$ cat upload20.cif   # mmCIF, C-alpha atoms
data_my_file
loop_
_atom_site.label_atom_id
_atom_site.label_comp_id
_atom_site.auth_asym_id
_atom_site.auth_seq_id
_atom_site.Cartn_x
_atom_site.Cartn_y
_atom_site.Cartn_z
CA MET A 1 50.89 11.56 43.97
CA ALA A 2 53.42 11.83 46.82
CA LYS A 3 51.63 9.02 48.68
CA GLN A 4 52.04 6.79 45.66
CA LYS A 5 55.28 5.30 47.02
CA LYS A 6 53.42 3.82 49.98
CA GLU A 7 50.90 1.98 47.81
CA GLU A 8 51.53 -1.70 47.20
CA GLY A 9 52.56 -3.05 43.83
CA ALA A 10 54.34 -1.66 40.81
CA GLN A 11 54.02 2.11 40.81
CA PHE A 12 54.95 2.50 37.14
CA VAL A 13 51.57 1.03 36.13
CA HIS A 14 50.05 4.44 36.96
CA TYR A 15 51.94 5.90 34.00
CA PHE A 16 50.52 3.55 31.32
CA GLY A 17 47.54 5.75 30.40
CA PRO A 18 49.36 9.08 30.80
CA LEU A 19 52.19 7.81 28.58
CA LEU A 20 49.76 6.95 25.77
CA ASP A 21 48.02 10.31 26.25
CA ALA A 22 51.33 12.20 26.13
CA LEU A 23 52.34 10.53 22.88
CA ARG A 24 48.98 11.38 21.32
CA GLU A 25 49.43 15.00 22.41
CA LEU A 26 52.90 14.97 20.84
CA GLY A 27 51.49 13.80 17.50
CA GLY A 28 52.11 10.08 17.96
CA SER A 29 55.81 10.02 18.75
CA GLY A 30 58.50 11.78 20.70
CA THR A 31 61.89 11.44 22.29
CA PRO A 32 61.97 9.92 25.76
CA ASN A 33 62.69 13.36 27.26
CA GLU A 34 59.76 14.96 25.44
CA VAL A 35 57.39 12.23 26.59
CA ILE A 36 58.64 12.23 30.18
CA GLU A 37 58.35 16.02 30.40
CA ARG A 38 54.86 15.94 28.87
CA ILE A 39 53.63 13.35 31.37
CA ALA A 40 55.02 15.41 34.27
CA GLN A 41 53.32 18.52 32.89
CA ASP A 42 50.00 16.74 32.26
CA LEU A 43 49.97 15.20 35.75
CA GLY A 44 51.29 18.32 37.48
CA LEU A 45 54.14 16.39 39.07
CA SER A 46 56.25 18.38 41.51
CA ASP A 47 60.01 18.75 41.10
CA GLU A 48 60.35 16.73 44.30
CA ILE A 49 58.66 13.72 42.68
CA GLN A 50 60.60 14.12 39.44
CA ASP A 51 63.94 14.48 41.22
CA GLU A 52 63.63 11.58 43.70
CA SER A 53 66.41 9.05 43.05
CA ILE A 54 66.63 5.29 43.22
CA SER A 55 69.73 3.48 44.52
CA SER A 56 71.52 3.77 41.16
CA GLY A 57 71.16 7.57 41.28
CA GLU A 58 68.66 7.56 38.40
CA SER A 59 65.40 9.48 38.71
CA ARG A 60 62.68 7.21 40.13
CA TYR A 61 60.08 8.97 37.96
CA ARG A 62 62.08 8.52 34.73
CA ASN A 63 62.76 4.89 35.65
CA GLN A 64 59.06 4.25 36.23
CA VAL A 65 58.06 5.85 32.92
CA GLY A 66 60.69 3.66 31.26
CA TRP A 67 59.11 0.57 32.79
CA ALA A 68 55.67 1.74 31.64
CA ARG A 69 57.05 2.07 28.12
CA PHE A 70 58.49 -1.44 28.27
CA TYR A 71 55.14 -3.00 29.17
CA LEU A 72 53.19 -0.92 26.65
CA ALA A 73 55.61 -1.99 23.91
CA ARG A 74 55.18 -5.64 24.93
CA GLU A 75 51.41 -5.13 24.76
CA GLY A 76 51.72 -3.81 21.20
CA LEU A 77 50.65 -0.25 22.01
CA LEU A 78 54.08 1.30 21.39
CA ASP A 79 56.56 0.67 18.59
CA SER A 80 60.02 0.05 19.97
CA SER A 81 61.80 -0.41 16.64
CA LYS A 82 63.47 3.00 16.41
CA ARG A 83 66.08 3.83 19.05
CA GLY A 84 65.56 7.15 20.80
CA VAL A 85 61.97 7.58 19.60
CA TRP A 86 58.84 6.37 21.38
CA SER A 87 55.95 5.92 18.95
CA LEU A 88 52.36 4.79 19.18
CA THR A 89 51.28 1.82 17.11
CA GLU A 90 47.96 2.04 15.28
CA ARG A 91 46.39 0.19 18.19
CA GLY A 92 48.07 2.56 20.66
CA ARG A 93 46.62 5.58 18.88
CA THR A 94 43.09 4.41 19.64
CA THR A 95 43.64 2.95 23.11
CA SER A 96 42.93 4.78 26.35
CA LEU A 97 43.64 2.95 29.58
CA THR A 98 42.06 3.17 33.00
CA ARG A 99 44.14 2.24 36.04
CA ALA A 100 42.29 -1.09 36.22
CA GLN A 101 43.06 -1.86 32.56
CA SER A 102 46.69 -0.84 33.10
CA HIS A 103 46.93 -3.17 36.08
CA GLU A 104 45.49 -6.05 34.03
CA ILE A 105 48.13 -5.50 31.33
CA PHE A 106 50.84 -5.56 33.98
CA LEU A 107 49.50 -8.77 35.55
CA LYS A 108 49.19 -10.41 32.13
CA TRP A 109 52.87 -9.77 31.38
CA VAL A 110 53.99 -10.84 34.85
CA ARG A 111 52.26 -14.19 34.18
CA ILE A 112 53.86 -14.46 30.73
CA PHE A 113 57.34 -13.72 32.11
CA LYS A 114 56.83 -16.24 34.90
CA GLU A 115 55.77 -18.90 32.39
CA GLN A 116 58.80 -18.11 30.22
CA ARG A 117 61.15 -18.49 33.17
CA HIS A 118 59.63 -21.83 34.13
CA SER A 119 59.45 -23.24 30.61
CA LYS A 120 62.99 -22.44 29.46
CA THR A 121 65.45 -25.30 29.59
CA SER A 122 68.30 -23.09 28.43
CA VAL A 123 68.48 -19.42 29.17
CA ASP A 124 69.09 -17.63 25.88
CA GLU A 125 67.88 -14.19 26.96
CA PRO A 126 67.10 -13.70 30.65
CA ILE A 127 64.04 -11.60 31.46
CA ALA A 128 66.20 -9.05 33.25
CA GLU A 129 68.17 -8.47 30.04
CA GLN A 130 64.97 -8.12 28.05
CA ILE A 131 63.70 -5.53 30.49
CA ALA A 132 66.97 -3.59 30.53
CA GLU A 133 67.06 -3.69 26.73
CA GLY A 134 63.54 -2.28 26.52
CA THR A 135 64.08 0.65 28.85
CA GLY A 136 67.78 1.17 29.30
CA ALA A 137 67.09 0.59 33.02
CA THR A 138 69.47 -1.53 35.03
CA GLN A 139 67.49 -1.69 38.27
CA PRO A 140 64.71 -4.08 39.21
CA ILE A 141 61.17 -2.83 38.83
CA THR A 142 60.70 -0.36 41.64
CA GLY A 143 57.94 -1.42 43.97
CA ALA A 144 57.24 -4.72 42.19
CA LYS A 145 56.86 -7.83 44.28
#
$ encode --input "upload20.cif" --output "structure tokens"
Amino acid sequence: MAKQKKEEGAQFVHYFGPLLDALRELGGSGTPNEVIERIAQDLGLSDEIQDESISSGESRYRNQVGWARFYLAREGLLDSSKRGVWSLTERGRTTSLTRAQSHEIFLKWVRIFKEQRHSKTSVDEPIAEQIAEGTGATQPITGAK
């Protein structure tokens, strides 16, 4: 896992499947802290990985799990209607993702966001605001190009 930073692309995609798994293990829903801790436990993540910071001072790991949540909610696998609770949708309860499937979901939404940027004549809700709203994150996607 420590070498993960040197891989190309968006690192948070690796958390798509583990996030769904963690929510299933938690009974279908949990607070962000419960889910983040469960993923770290399930993956055996070291304190060093969990404590690494991004430029804002936020935990890189927590930020990446937040991005994973954002994309899974967009895909309809997580319900984002209740603040402070991450919940599986019915579809999310029955979905398991491989890394390849996770990557395809990511690429799908990158294409959709790109199309939205190019098709808007007036900017009513910039993509960056949508992303920040979905995760509480204020930084760009770490590792995304």
$ residues_near_point --input "upload20.cif" --point "(57.1, 10.8, 31.5)" --cutoff "10 Å" --atoms "all atoms listed in the file" --output "ChimeraX atom specification"
/A:15-16,18-19,22-23,32-43,45,50,61-66,68-69
$ atom_distance --input "upload20.cif" --atom1 "CA of Ser46 in chain A" --atom2 "CA of Asp21 in chain A"
19.1 Å
$ resolve_selection --input "upload20.cif" --expression "the PyMOL selection byres ((chain A and resi 76) around 10)" --output "VMD selection string"
chain A and resid 71 to 75 77 to 80 88 to 92
$ closest_residue --input "upload20.cif" --among "A:Ala10, A:Leu97, A:Arg60, A:Leu20" --to "Val110 in chain A" --atoms "all atoms listed in the file"
A:Ala10
$ atom_distance --input "upload20.cif" --atom1 "CA of Arg99 in chain A" --atom2 "CA of Leu26 in chain A"
21.7 Å
$ residues_around --input "upload20.cif" --residues "Ala100 in chain A" --least-positions-apart "3" --cutoff "12 Å" --atoms "all atoms listed in the file" --output "list in words"
Val13, His14, Phe16, Gly17, Ser96, Leu97, His103, Glu104, Ile105, Phe106 and Leu107 of chain A
$ write_last_selection --input "upload20.cif" --atoms "C-alpha atoms" --output "compact mmCIF listing (two decimals), in the coordinates of the input"
# COMPACT_ATOMS: atom_id res chain seq x y z
CA VAL A 13 51.57 1.03 36.13
CA HIS A 14 50.05 4.44 36.96
CA PHE A 16 50.52 3.55 31.32
CA GLY A 17 47.54 5.75 30.40
CA SER A 96 42.93 4.78 26.35
CA LEU A 97 43.64 2.95 29.58
CA HIS A 103 46.93 -3.17 36.08
CA GLU A 104 45.49 -6.05 34.03
CA ILE A 105 48.13 -5.50 31.33
CA PHE A 106 50.84 -5.56 33.98
CA LEU A 107 49.50 -8.77 35.55
$ closest_residue --input "upload20.cif" --among "A:Gln116, A:Ser59, A:Ser29, A:Gln101" --to "Val85 in chain A" --atoms "all atoms listed in the file"
A:Ser29
$ axis_aligned_box --input "upload20.cif" --around "range 44-59 of chain A" --padding-each-side "4 Å" --output "AutoDock Vina command-line options"
--center_x 61.4 --center_y 11.1 --center_z 41.0 --size_x 28.2 --size_y 23.3 --size_z 15.0
$ closest_residue --input "upload20.cif" --among "A:Glu25, A:Glu52, A:Glu58, A:Asp47" --to "Ser87 in chain A" --atoms "all atoms listed in the file"
A:Glu25
$ atom_distance --input "upload20.cif" --atom1 "CA of Trp67 in chain A" --atom2 "CA of Phe12 in chain A"
6.3 Å
